[in-house]
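Comments concern the structure below.
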Amino acid sequence: MEKKLCGANTRTGGLCKKAALANGRCRFHGGKSTGPKDPSKLKGNKNALKHGLYEMIWEDTLTDEERELLAHVSTDPKAQVESELKLSEVRILRMMRRIKQEEQKKKPNHALIRTIEEGITRIGMNKVSLVRESSRLLEINKSKNDGSLDRLNEILERARKDHARKEYER
């Protein structure tokens, strides 16, 4: 009986010549791992979660506190930008406190201080983009309120007066 080969593409560009398992691939190319069998475990696996930046958030896994927060979050772009700017200030304040605490130690960790300072710099760059976005939103609002509706209202008012005067003269 001929043994079935994996056949997956390798880094060198060839095909894998290792023996395939039941699903057609070798243990290096996905033959052993088929993922969780229980569907309830698909959404709740947090084993590899480090900081949450790329975490998948499913609505049915939200806590009551998170649902309440979600209900109160504004979808207004201007309010979102203002909120992020305020939170950025709080983050910077907290990071500055951490630096001060670290510097007051007998042996401060200068690498940690440098890392926190780099974080403050990233937050500062984010603030610059938020300020740009805020000014862009203001420009959009100005263009919406450029006075054209007021001019149209004046024209219509004059037309009404002219029409009323002509009707009165008849």
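Letters A, B, ... mark the chains of the structure tokens in the order given; residue numbers begin at 1 per chain; ligand numbers begin at 1, in order shown.
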Residue contacts of segment 103-116 of chain A (12 Å, only C-alpha atoms) excluding same-chain residues fewer than 6 positions away, as a list of chain:residue names: A:Arg91, A:Ile92, A:Leu93, A:Arg94, A:Met95, A:Met96, A:Arg97, A:Arg122, A:Ile123
Which of chain A fall in helix (DSSP H, G or I), as a PyMOL selection string: chain A and resi 40-44+59-61+64-72+77-103+110-144+148-169
Could you check which of A:Ile140, A:Ile155, A:Ile99, A:Leu85 is closest to Met125 of chain A, using only C-alpha atoms? A:Leu85
Out of chain A, which residues get strand (DSSP E or B) from DSSP, as a ChimeraX atom specification? /A:5,9,15,19
